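Asker: Before I ask anything, let me first share the structure, which is written out below as structure tokens.
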Amino acid sequence: MLDRLPSNAIPWILLAVSAATIGGALFFEHVLGYVPCSLCLDGRQPHYFAMAAALIAGILSREANIGIGALVFLGLCVAAYLTGAGISFYHAGVEYHWWEGPETCGGGNLVANSLEDLQAALQGGAQAPRCDEAAWTLFGISLAGFNFAITLALAALSALPLLRYFRESRGEA
């Protein structure tokens, strides 16, 4: 089935899925009121980088031959998504208490939308969310776990045109 997926469509799929993932995270944050911890925010960074790289790869891709420039940017997407998978795996491990999280999680870095919100939070003794407590789960999988699965799948998808290129360059079809 993956052989039917044209290589020049892959950058646009990566861009759309990453944008949807970030949109979902922002929905949970701004609409549902789940304040992200510092590891949650770190897990978003690879998506931002990969969206820019995928956009450039999509612009550089041609109809029949995706082109070497697009392949370079897809390689950057692979690196970004694997980094994101690593961050998310680490975060999920912290949430499931497989290992200790960073000492900065759960203390001090409270983000406020306005000065009044910050003053109210400081007077109320509000704390930033803890990294070792999953704020939301579905079937026992936290948002960090879902982000791990998504970024790992996107890494594999972004590597597909690279694998096709190397296979064709060696004369294999």
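Each chain of the structure tokens is named A, B, ... in the order shown, its residues numbered from 1; ligands are numbered from 1 in display order.
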Residues near Arg44 of chain A, anyone? I mean within 10 Å using only C-alpha atoms, not counting same-chain ones fewer than 2 positions away, as a PDB file with C-alpha atoms, in the first residue's frame.
Answerer:
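Just written: part.pdb:
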ATOM      1  CA  SER A  18       1.949  17.646  12.242  1.00  0.00           C
ATOM      2  CA  THR A  21      -1.142  17.193  16.082  1.00  0.00           C
ATOM      3  CA  ILE A  22      -0.158  20.700  17.152  1.00  0.00           C
ATOM      4  CA  ALA A  25      -2.375  20.007  21.581  1.00  0.00           C
ATOM      5  CA  LEU A  39       8.128  18.211  28.603  1.00  0.00           C
ATOM      6  CA  CYS A  40       4.827  18.665  26.740  1.00  0.00           C
ATOM      7  CA  LEU A  41       6.120  21.928  25.321  1.00  0.00           C
ATOM      8  CA  ASP A  42       9.437  20.280  24.430  1.00  0.00           C
ATOM      9  CA  PRO A  46      10.096  18.814  16.594  1.00  0.00           C
ATOM     10  CA  HIS A  47       6.667  19.190  14.968  1.00  0.00           C
ATOM     11  CA  TYR A  48       7.265  22.910  14.378  1.00  0.00           C
ATOM     12  CA  PHE A  49      10.656  22.190  12.804  1.00  0.00           C
ATOM     13  CA  GLY A  84      10.212  14.032  18.878  1.00  0.00           C
ATOM     14  CA  ILE A  87      11.222  13.218  23.787  1.00  0.00           C
ATOM     15  CA  SER A  88       7.738  11.705  23.880  1.00  0.00           C
ATOM     16  CA  ASN A 147       2.659  11.821  20.441  1.00  0.00           C
TER      17      ASN A 147
END
Asker: Mind checking which residues fall within 12 Å of Pro36 of chain A, counting only C-alpha atoms, ignoring those fewer than 2 positions away in the same chain, and posting them as a tab-separated table (two decimals) with N, CA and C atoms, in the first residue's frame?
Answerer:
chain	number	residue	atom	x	y	z
A	25	ALA	N	-3.02	19.60	20.33
A	25	ALA	CA	-2.37	20.01	21.58
A	25	ALA	C	-2.87	21.39	22.01
A	26	LEU	N	-2.99	22.30	21.07
A	26	LEU	CA	-3.48	23.64	21.39
A	26	LEU	C	-4.95	23.62	21.79
A	27	PHE	N	-5.73	22.71	21.20
A	27	PHE	CA	-7.13	22.55	21.60
A	27	PHE	C	-7.21	22.09	23.05
A	28	PHE	N	-6.41	21.09	23.40
A	28	PHE	CA	-6.40	20.61	24.79
A	28	PHE	C	-5.97	21.73	25.75
A	29	GLU	N	-5.02	22.55	25.30
A	29	GLU	CA	-4.52	23.61	26.15
A	29	GLU	C	-5.50	24.77	26.29
A	30	HIS	N	-5.96	25.31	25.17
A	30	HIS	CA	-6.72	26.56	25.21
A	30	HIS	C	-8.23	26.37	25.31
A	32	LEU	N	-9.85	23.09	26.31
A	32	LEU	CA	-10.18	22.19	27.42
A	32	LEU	C	-9.49	22.57	28.73
A	33	GLY	N	-8.50	23.47	28.66
A	33	GLY	CA	-7.87	23.98	29.86
A	33	GLY	C	-6.75	23.14	30.45
A	34	TYR	N	-6.20	22.20	29.70
A	34	TYR	CA	-5.07	21.40	30.19
A	34	TYR	C	-3.78	22.20	30.00
A	38	SER	N	6.51	21.26	31.06
A	38	SER	CA	7.66	21.64	30.23
A	38	SER	C	8.01	20.55	29.22
A	39	LEU	N	7.85	19.28	29.57
A	39	LEU	CA	8.13	18.21	28.60
A	39	LEU	C	7.09	18.19	27.48
A	40	CYS	N	5.85	18.56	27.79
A	40	CYS	CA	4.83	18.66	26.74
A	40	CYS	C	5.23	19.72	25.72
A	41	LEU	N	5.70	20.85	26.22
A	41	LEU	CA	6.12	21.93	25.32
A	41	LEU	C	7.35	21.52	24.52
A	42	ASP	N	8.26	20.78	25.15
A	42	ASP	CA	9.44	20.28	24.43
A	42	ASP	C	9.03	19.31	23.32
A	43	GLY	N	8.00	18.51	23.57
A	43	GLY	CA	7.54	17.54	22.58
A	43	GLY	C	6.91	18.17	21.35
A	44	ARG	N	6.51	19.43	21.45
A	44	ARG	CA	5.94	20.12	20.30
A	44	ARG	C	7.00	20.66	19.35
A	91	HIS	N	9.05	11.30	28.03
A	91	HIS	CA	7.95	11.90	28.78
A	91	HIS	C	6.95	10.84	29.23
A	105	CYS	N	10.47	19.87	36.33
A	105	CYS	CA	9.06	19.58	36.08
A	105	CYS	C	8.25	19.73	37.35
A	106	GLY	N	7.20	20.52	37.23
A	106	GLY	CA	6.30	20.71	38.37
A	106	GLY	C	6.65	21.89	39.22
A	109	ASN	N	7.63	27.23	36.40
A	109	ASN	CA	7.48	27.80	35.07
A	109	ASN	C	6.01	27.91	34.69
A	110	LEU	N	5.28	28.71	35.40
A	110	LEU	CA	3.86	28.89	35.14
A	110	LEU	C	3.67	29.90	34.03
A	111	VAL	N	2.91	29.54	33.02
A	111	VAL	CA	2.65	30.43	31.90
A	111	VAL	C	1.30	31.07	32.11
A	112	ALA	N	1.24	32.39	31.99
A	112	ALA	CA	-0.02	33.11	32.16
A	112	ALA	C	-0.32	33.87	30.87
A	127	GLN	N	0.84	26.16	40.78
A	127	GLN	CA	2.08	25.53	40.36
A	127	GLN	C	1.93	25.07	38.91
A	128	ALA	N	3.04	25.03	38.24
A	128	ALA	CA	3.04	24.47	36.89
A	128	ALA	C	2.71	22.98	36.99
A	129	PRO	N	2.10	22.41	35.96
A	129	PRO	CA	1.75	20.99	36.03
A	129	PRO	C	2.98	20.11	36.13
A	130	ARG	N	2.79	18.98	36.75
A	130	ARG	CA	3.89	18.03	36.93
A	130	ARG	C	4.04	17.18	35.68
A	131	CYS	N	5.27	16.85	35.36
A	131	CYS	CA	5.56	16.02	34.19
A	131	CYS	C	5.29	14.54	34.47
A	132	ASP	N	5.24	14.16	35.73
A	132	ASP	CA	5.08	12.74	36.06
A	132	ASP	C	3.63	12.34	36.30
A	133	GLU	N	2.70	13.22	35.97
A	133	GLU	CA	1.27	12.92	36.09
A	133	GLU	C	0.60	13.19	34.76
A	134	ALA	N	0.04	12.16	34.15
A	134	ALA	CA	-0.66	12.33	32.88
A	134	ALA	C	-1.95	13.10	33.13
A	135	ALA	N	-2.12	14.20	32.43
A	135	ALA	CA	-3.31	15.03	32.61
A	135	ALA	C	-4.53	14.39	31.97
A	136	TRP	N	-4.32	13.58	30.92
A	136	TRP	CA	-5.43	12.98	30.18
A	136	TRP	C	-4.94	11.67	29.58
A	143	LEU	N	-1.22	11.59	26.46
A	143	LEU	CA	-0.95	12.40	25.28
A	143	LEU	C	0.49	12.24	24.82
A	144	ALA	N	1.42	12.08	25.77
A	144	ALA	CA	2.81	11.84	25.40
A	144	ALA	C	2.94	10.50	24.67
Asker: Take atom CA of Ala70 of chain A and atom CA of Ile56 of chain A and report the distance between them in Å, one decimal.
Answerer: 7.2 Å
Asker: From the list A:Ala79, A:Ala19, A:Val35, A:Leu157, which residue is nearest Ser7 of chain A when using only C-alpha atoms?
Answerer: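 For Ser7 of chain A, the nearest of the candidates is A:Leu157.
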Asker: From a DSSP pass on the backbone, collect the residues of segment 23-163 of chain A flagged as strand (DSSP E or B) and hand them back as a list in words.
Answerer: Thr137, Leu138, Ile141 and Ser142 of chain A
Asker: Keeping only N, CA, C and O atoms, write the selected residues as a short mmCIF file (atom, residue, chain, number, x, y, z; two decimals), in the first residue's frame.
Answerer:
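What ended up in out_3.cif:
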data_model
loop_
_atom_site.label_atom_id
_atom_site.label_comp_id
_atom_site.auth_asym_id
_atom_site.auth_seq_id
_atom_site.Cartn_x
_atom_site.Cartn_y
_atom_site.Cartn_z
N THR A 137 -5.78 10.66 29.61
CA THR A 137 -5.45 9.37 28.99
C THR A 137 -6.66 8.83 28.24
O THR A 137 -7.80 9.15 28.56
N LEU A 138 -6.38 7.99 27.28
CA LEU A 138 -7.42 7.26 26.55
C LEU A 138 -6.89 5.84 26.41
O LEU A 138 -5.81 5.63 25.84
N ILE A 141 -3.38 5.32 27.57
CA ILE A 141 -2.29 5.96 26.83
C ILE A 141 -2.41 7.47 27.03
O ILE A 141 -3.47 8.06 26.76
N SER A 142 -1.34 8.09 27.48
CA SER A 142 -1.34 9.53 27.71
C SER A 142 -1.11 10.27 26.40
O SER A 142 -0.81 9.67 25.36
#
Asker: Could you pull the residues within 12 Å of Ala52 of chain A, counting only C-alpha atoms, minus those fewer than 2 positions along the same chain, as an MDAnalysis selection string?
Answerer: chainID A and resid 11:12 14:16 18:19 45:50 54:59 73:74 76:77 80
Asker: For atom CA of Leu154 of chain A and atom CA of Ala53 of chain A, determine how far apart the two atoms are, in Å to one decimal place.
Answerer: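 Computing the Euclidean distance for atom CA of Leu154 of chain A and atom CA of Ala53 of chain A yields 12.9 Å.
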Asker: Using atom CA of Leu163 of chain A and atom CA of Phe146 of chain A as the two end points, give the distance in Å to one decimal.
Answerer: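 Computed distance, atom CA of Leu163 of chain A to atom CA of Phe146 of chain A, equals 25.5 Å.
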Asker: May I ask which of the residues A:Gly145, A:Leu60, A:Arg4, A:Val72 is the closest one to Tyr96 of chain A, counting only C-alpha atoms?
Answerer: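 Nearest to Tyr96 of chain A: A:Gly145.
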Asker: Which of these residues is nearest to Thr83 of chain A, using only C-alpha atoms: A:Asn8, A:Phe139, A:His97, A:Ala155?
Answerer: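 Ranked by minimum distance to Thr83 of chain A, first place goes to A:Ala155.
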